[in-house]
Structure formats: structure tokens, C-alpha cells
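Have a look at the structure below, then the notes.
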Amino acid sequence: MKFKQRIFNYLQGKQPARNPRFPHLDQPLKMLIIYESDLLERNDSIKTIRQDLLRRQMDVTMWGYVEKKEIQTLILPQSRILGVNDYNLFGKPKEHVLTDLQVEHYDLLIDLTNRPMLPLRYLAMYAKADFKVGLNLGEGIHDMLISLPDLDTEQAKPEVTWLYDQLMRYLTTIKSMD
């Protein structure tokens with residue numbers, strides 16, 4: 001096991017026990033979306049997802065990560081892309097990033113990560129959210145997981161919009177069965 005992964009596992013074990021509260025999507029919610037940014041930082045599919053949530057009267061904040069040093073996108077209150085320079089030598093987000101992340105409390109965190117990425121796993125772990133959903137990547141951070149077979153191969157990675165649709169479908173289905 002890699003050293004950075006061991007540090008993450010240790011810090012994850014130090015996290016307090018969660019008491020998740022299921023969100024009701026028929027009410028306006030404060031949401032945090034975390035995702036892997038594309039190299040050009042355009043993220044058209046993420047913008048489409050954001051527009052869908054805004055149409056549903058949700059307050060949406062988006063945090064992305066891209067594996068490069070210089071980030072071109074501006075840091076805005078509702079949108080931010082992190083890069084390699086926002087993390088320390090051990091892979092943990094720097095203090096200013098954690099401070100900015102933990103200023104807000106969210107009703108729902110939607111993790112659109114479709115492969116194990118330590119920088120985004122830290123964001124999911126440290127974000128203050130009543131309920132966290134995402135793909136089952138084996139880290140035990142989320143309150144609700146979607147599992148897919150054969151995620152080991154590159155072609156098996158689900159598209160972000162498909163993953164979002166599946167998560168929203170499950171969230172609304174569970175609500176209707178409430």
C-alpha cells in the first residue's frame with residue numbers, strides 16, 4: 001500500500017462517526033458536487049448537471065480536481081478547481097483548502113468521481129454534508145453507494161452524466177418509498 005494511501009486511511013479512521021440524514025429532493029437543498037475536471041477545465045457535462053440542479057431550485061457548489069500544477073479557472077464562491085499545488089507532500093489538502101471547504105455545510109454531497117482519486121476522496125471525507133452519495137470505490141466515505149461490476153478496466157468507467165442520473169434516480173426512488 002502506498003504511503004499517501006496509508007496516511008489517508010489513518011486520517012479516515014480518526015473521523016468522527018457520521019449520523020447521515022437522507023435529503024428530500026422536493027425541497028431546495030444546498031449541494032456540493034465533487035468531480036474530476038478535464039485538462040482544459042471546460043467541464044461541459046458538469047455545467048449541464050449544475051444547470052439541471054439549478055432548474056430544480058438547488059443551491060449548487062462545485063469542486064473539481066485536475067492533475068496539473070497551474071489552474072486557469074478562477075476561484076469563485078460556487079465553483080472551484082483544485083490542482084496539485086493545493087495538496088501537500090503527503091497528498092492531503094493544504095489548510096487554506098480545508099478551511100474554504102469546511103466554511104459551508106451542505107445538505108447533500110454528490111461525488112461524481114468514477115475512479116479512485118485520493119485528492120477527491122479527501123474532499124469527500126472532509127466536506128460537511130448531511131448525506132454523501134457516490135460510486136462504490138471501496139473507501140467507505142459515502143452514506144449511499146452505487147456499485148458497478150468490472151470497474152477495473154478503463155472502458156468500464158461510467159460517464160459523469162450517467163453516474164449523476166443514476167444517483168438522482170436512486171435518491172428520488174428512495175424518497176418516493178419513504
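Residue numbering restarts at 1 for every chain of the C-alpha cells, chains are lettered A, B, ... in their displayed order, and ligands are numbered from 1 as they appear.
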
Item to check | strand (DSSP E or B) residues, from DSSP on the backbone, in range 13-126 of chain A, as an NGL selection string | outcome: :A and (30-36 or 59-65 or 76 or 79-82 or 87 or 93 or 105-111)

Item to check | Shell around range 165-167 of chain A at 8 Å using only C-alpha atoms, local window under 5 positions removed, as a list in words | outcome: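 Near neighbours after the sequence-gap exclusion: Val133, Gly134 and Ile146 of chain A.
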
Store the residues picked out above in a file with all heavy atoms, as a short mmCIF file (atom, residue, chain, number, x, y, z; two decimals), in the first residue's frame.
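File produced: again-v2.cif:
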data_model
loop_
_atom_site.label_atom_id
_atom_site.label_comp_id
_atom_site.auth_asym_id
_atom_site.auth_seq_id
_atom_site.Cartn_x
_atom_site.Cartn_y
_atom_site.Cartn_z
N VAL A 133 -23.29 10.82 -1.32
CA VAL A 133 -23.54 9.74 -2.27
C VAL A 133 -22.43 9.70 -3.31
O VAL A 133 -21.83 10.71 -3.64
CB VAL A 133 -24.91 9.86 -2.96
CG1 VAL A 133 -26.04 9.80 -1.96
CG2 VAL A 133 -25.01 11.12 -3.79
N GLY A 134 -22.18 8.50 -3.84
CA GLY A 134 -21.18 8.35 -4.88
C GLY A 134 -21.06 6.90 -5.33
O GLY A 134 -21.79 6.02 -4.87
N ILE A 146 -23.37 3.48 -5.16
CA ILE A 146 -23.82 2.72 -6.32
C ILE A 146 -22.66 1.81 -6.70
O ILE A 146 -21.53 2.27 -6.84
CB ILE A 146 -24.18 3.65 -7.49
CG1 ILE A 146 -25.43 4.45 -7.16
CG2 ILE A 146 -24.39 2.85 -8.77
CD1 ILE A 146 -25.85 5.37 -8.27
#

Checklist outcome for this item: Of A:Asp100, A:Asp111, A:Asp52, A:Asp86, the one nearest to Leu137 in chain A when counting only C-alpha atoms is A:Asp111

Checklist outcome for this item: Taken to one decimal, the CA of Leu163 in chain A-CA of Ile141 in chain A distance is 17.2 Å

Checklist entry - Nearest to Asn9 in chain A: which of A:His24, A:Arg121, A:Lys47, A:Lys68 is it, counting only C-alpha atoms? => result A:Arg121

Checklist entry - From the list A:Ile49, A:Leu118, A:Ala124, A:Leu40, which residue is nearest Lys92 in chain A when using only C-alpha atoms? => result A:Leu118

Item to check | Selected residue, from A:Leu29, A:Arg115, A:Ser79, A:His142, that lies nearest to Ile46 in chain A when counting only C-alpha atoms | outcome: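 Nearest to Ile46 in chain A: A:Ser79.
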
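From CA of Glu159 in chain A back to CA of Arg42 in chain A, the distance works out to 15.6 Å.
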
Next on the checklist: With only C-alpha atoms as the counted atoms, please give the residues lying no more than 8 Å from Asp130 in chain A, apart from itself and same-chain residues fewer than 2 positions off, as number ranges by chain.
Outcome noted: A: 19-23, 106-109, 128, 132

Now that the selection is made, can you save its residues with N, CA, C and O atoms as a short mmCIF file (atom, residue, chain, number, x, y, z; two decimals), in the first residue's frame?
data_model
loop_
_atom_site.label_atom_id
_atom_site.label_comp_id
_atom_site.auth_asym_id
_atom_site.auth_seq_id
_atom_site.Cartn_x
_atom_site.Cartn_y
_atom_site.Cartn_z
N ASN A 19 -23.75 10.64 11.32
CA ASN A 19 -25.16 10.40 11.55
C ASN A 19 -25.90 10.97 10.34
O ASN A 19 -26.41 12.09 10.40
N PRO A 20 -25.93 10.23 9.22
CA PRO A 20 -26.47 10.79 7.98
C PRO A 20 -27.97 11.06 8.05
O PRO A 20 -28.71 10.34 8.71
N ARG A 21 -28.38 12.13 7.36
CA ARG A 21 -29.80 12.47 7.22
C ARG A 21 -30.14 12.46 5.74
O ARG A 21 -29.55 13.21 4.96
N PHE A 22 -31.09 11.62 5.37
CA PHE A 22 -31.46 11.49 3.96
C PHE A 22 -32.08 12.79 3.45
O PHE A 22 -32.95 13.36 4.10
N PRO A 23 -31.65 13.26 2.28
CA PRO A 23 -32.19 14.51 1.74
C PRO A 23 -33.53 14.29 1.05
O PRO A 23 -33.79 13.23 0.49
N TYR A 106 -23.44 21.44 3.87
CA TYR A 106 -24.29 21.06 2.75
C TYR A 106 -25.31 20.01 3.19
O TYR A 106 -25.05 19.21 4.07
N ASP A 107 -26.46 20.03 2.53
CA ASP A 107 -27.47 19.01 2.76
C ASP A 107 -27.08 17.70 2.06
O ASP A 107 -27.36 16.62 2.56
N LEU A 108 -26.43 17.84 0.89
CA LEU A 108 -26.11 16.67 0.08
C LEU A 108 -24.79 16.87 -0.64
O LEU A 108 -24.55 17.92 -1.24
N LEU A 109 -23.93 15.86 -0.58
CA LEU A 109 -22.70 15.82 -1.37
C LEU A 109 -22.88 14.76 -2.44
O LEU A 109 -23.24 13.62 -2.13
N LYS A 128 -18.42 18.99 4.98
CA LYS A 128 -19.52 18.91 5.95
C LYS A 128 -20.83 18.76 5.17
O LYS A 128 -21.31 19.71 4.56
N LYS A 132 -23.97 11.88 1.93
CA LYS A 132 -22.96 11.80 0.89
C LYS A 132 -23.24 10.59 0.00
O LYS A 132 -23.41 9.49 0.51
#

Next on the checklist: Please list as number ranges by chain every residue within 12 Å of Lys2 in chain A, counting only C-alpha atoms and excluding residues in the same chain fewer than 2 positions away.
Outcome noted: A: 4-9, 90-91, 118

Writing out the chosen residues with all heavy atoms as an mmCIF file, in the first residue's frame:
data_model
loop_
_atom_site.group_PDB
_atom_site.id
_atom_site.type_symbol
_atom_site.label_atom_id
_atom_site.label_comp_id
_atom_site.auth_asym_id
_atom_site.auth_seq_id
_atom_site.Cartn_x
_atom_site.Cartn_y
_atom_site.Cartn_z
ATOM 1 N N LYS A 4 0.935 7.539 0.788
ATOM 2 C CA LYS A 4 -0.161 8.526 0.806
ATOM 3 C C LYS A 4 -1.492 7.861 1.157
ATOM 4 O O LYS A 4 -2.324 8.441 1.851
ATOM 5 C CB LYS A 4 -0.265 9.244 -0.539
ATOM 6 C CG LYS A 4 0.869 10.198 -0.803
ATOM 7 C CD LYS A 4 0.691 10.891 -2.132
ATOM 8 C CE LYS A 4 1.833 11.839 -2.416
ATOM 9 N NZ LYS A 4 1.676 12.541 -3.693
ATOM 10 N N GLN A 5 -1.686 6.647 0.663
ATOM 11 C CA GLN A 5 -2.912 5.908 0.962
ATOM 12 C C GLN A 5 -2.983 5.549 2.442
ATOM 13 O O GLN A 5 -4.040 5.618 3.062
ATOM 14 C CB GLN A 5 -3.000 4.658 0.096
ATOM 15 C CG GLN A 5 -4.265 3.856 0.302
ATOM 16 C CD GLN A 5 -5.508 4.618 -0.091
ATOM 17 O OE1 GLN A 5 -5.546 5.238 -1.147
ATOM 18 N NE2 GLN A 5 -6.517 4.597 0.756
ATOM 19 N N ARG A 6 -1.853 5.187 3.023
ATOM 20 C CA ARG A 6 -1.816 4.867 4.456
ATOM 21 C C ARG A 6 -2.164 6.083 5.298
ATOM 22 O O ARG A 6 -2.881 5.973 6.293
ATOM 23 C CB ARG A 6 -0.443 4.340 4.857
ATOM 24 C CG ARG A 6 -0.203 2.942 4.408
ATOM 25 C CD ARG A 6 1.110 2.455 4.926
ATOM 26 N NE ARG A 6 1.370 1.136 4.373
ATOM 27 C CZ ARG A 6 2.222 0.297 4.873
ATOM 28 N NH1 ARG A 6 2.921 0.614 5.927
ATOM 29 N NH2 ARG A 6 2.396 -0.880 4.319
ATOM 30 N N ILE A 7 -1.658 7.232 4.911
ATOM 31 C CA ILE A 7 -1.983 8.467 5.631
ATOM 32 C C ILE A 7 -3.483 8.741 5.535
ATOM 33 O O ILE A 7 -4.130 9.066 6.527
ATOM 34 C CB ILE A 7 -1.160 9.652 5.090
ATOM 35 C CG1 ILE A 7 0.313 9.458 5.458
ATOM 36 C CG2 ILE A 7 -1.687 10.984 5.613
ATOM 37 C CD1 ILE A 7 1.246 10.460 4.836
ATOM 38 N N PHE A 8 -4.040 8.583 4.337
ATOM 39 C CA PHE A 8 -5.480 8.789 4.152
ATOM 40 C C PHE A 8 -6.273 7.830 5.046
ATOM 41 O O PHE A 8 -7.209 8.241 5.734
ATOM 42 C CB PHE A 8 -5.877 8.591 2.689
ATOM 43 C CG PHE A 8 -7.357 8.688 2.468
ATOM 44 C CD1 PHE A 8 -7.973 9.918 2.324
ATOM 45 C CD2 PHE A 8 -8.149 7.551 2.432
ATOM 46 C CE1 PHE A 8 -9.341 10.012 2.137
ATOM 47 C CE2 PHE A 8 -9.515 7.630 2.257
ATOM 48 C CZ PHE A 8 -10.107 8.875 2.106
ATOM 49 N N ASN A 9 -5.905 6.561 5.039
ATOM 50 C CA ASN A 9 -6.613 5.564 5.855
ATOM 51 C C ASN A 9 -6.536 5.914 7.338
ATOM 52 O O ASN A 9 -7.519 5.771 8.075
ATOM 53 C CB ASN A 9 -6.046 4.170 5.614
ATOM 54 C CG ASN A 9 -6.348 3.659 4.225
ATOM 55 O OD1 ASN A 9 -7.165 4.219 3.496
ATOM 56 N ND2 ASN A 9 -5.658 2.607 3.834
ATOM 57 N N PHE A 90 2.196 14.908 1.351
ATOM 58 C CA PHE A 90 1.584 13.645 1.746
ATOM 59 C C PHE A 90 0.235 13.405 1.068
ATOM 60 O O PHE A 90 -0.442 12.426 1.362
ATOM 61 C CB PHE A 90 1.417 13.598 3.265
ATOM 62 C CG PHE A 90 2.719 13.788 3.986
ATOM 63 C CD1 PHE A 90 2.962 14.944 4.703
ATOM 64 C CD2 PHE A 90 3.722 12.827 3.922
ATOM 65 C CE1 PHE A 90 4.167 15.128 5.351
ATOM 66 C CE2 PHE A 90 4.928 12.998 4.567
ATOM 67 C CZ PHE A 90 5.157 14.161 5.282
ATOM 68 N N GLY A 91 -0.186 14.315 0.185
ATOM 69 C CA GLY A 91 -1.431 14.143 -0.552
ATOM 70 C C GLY A 91 -2.653 14.739 0.106
ATOM 71 O O GLY A 91 -3.752 14.664 -0.431
ATOM 72 N N LEU A 118 -7.296 10.003 -4.815
ATOM 73 C CA LEU A 118 -7.050 10.421 -3.440
ATOM 74 C C LEU A 118 -7.400 11.892 -3.183
ATOM 75 O O LEU A 118 -8.038 12.192 -2.175
ATOM 76 C CB LEU A 118 -5.597 10.124 -3.066
ATOM 77 C CG LEU A 118 -5.290 10.051 -1.585
ATOM 78 C CD1 LEU A 118 -6.159 9.038 -0.871
ATOM 79 C CD2 LEU A 118 -3.817 9.714 -1.380
#

Checklist entry - What lies within 7 Å of Tyr35 in chain A using only C-alpha atoms, ignoring chain neighbours under 3 positions off, as a PyMOL selection string? => result chain A and resi 63-65+111-113

Could you write those residues out with N, CA and C atoms, as a compact mmCIF listing (two decimals), in the first residue's frame?
# COMPACT_ATOMS: atom_id res chain seq x y z
N TRP A 63 -16.77 21.54 -6.75
CA TRP A 63 -15.32 21.48 -6.53
C TRP A 63 -14.76 20.37 -7.39
N GLY A 64 -13.81 20.73 -8.24
CA GLY A 64 -13.18 19.75 -9.11
C GLY A 64 -11.70 19.62 -8.80
N TYR A 65 -11.09 18.62 -9.41
CA TYR A 65 -9.65 18.42 -9.28
C TYR A 65 -9.11 17.98 -10.63
N ASP A 111 -20.77 12.90 -5.19
CA ASP A 111 -19.41 12.61 -5.65
C ASP A 111 -19.50 11.95 -7.02
N LEU A 112 -19.08 12.67 -8.05
CA LEU A 112 -19.15 12.16 -9.41
C LEU A 112 -17.82 11.56 -9.87
N THR A 113 -16.99 11.20 -8.91
CA THR A 113 -15.71 10.57 -9.22
C THR A 113 -15.98 9.15 -9.71

Next on the checklist: I want to know what sits within 8 Å of His105 in chain A, based on only C-alpha atoms, with residues of the same chain fewer than 5 positions away left out; could you give that as a list in words?
Outcome noted: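 Result of the neighbour search: Lys30, Ala127, Lys128 and Ala129 of chain A.
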
Checklist outcome for this item: In terms of only C-alpha atoms, the residue from A:Phe131, A:Gly138, A:Glu41, A:Ala17 at minimal distance from Leu74 in chain A is A:Glu41

Item to check | helix (DSSP H, G or I) per DSSP on the backbone: members of range 29-163 of chain A, as a PyMOL selection string | outcome: chain A and resi 44-55+84-86+95-102+118-126+154-156+160-163
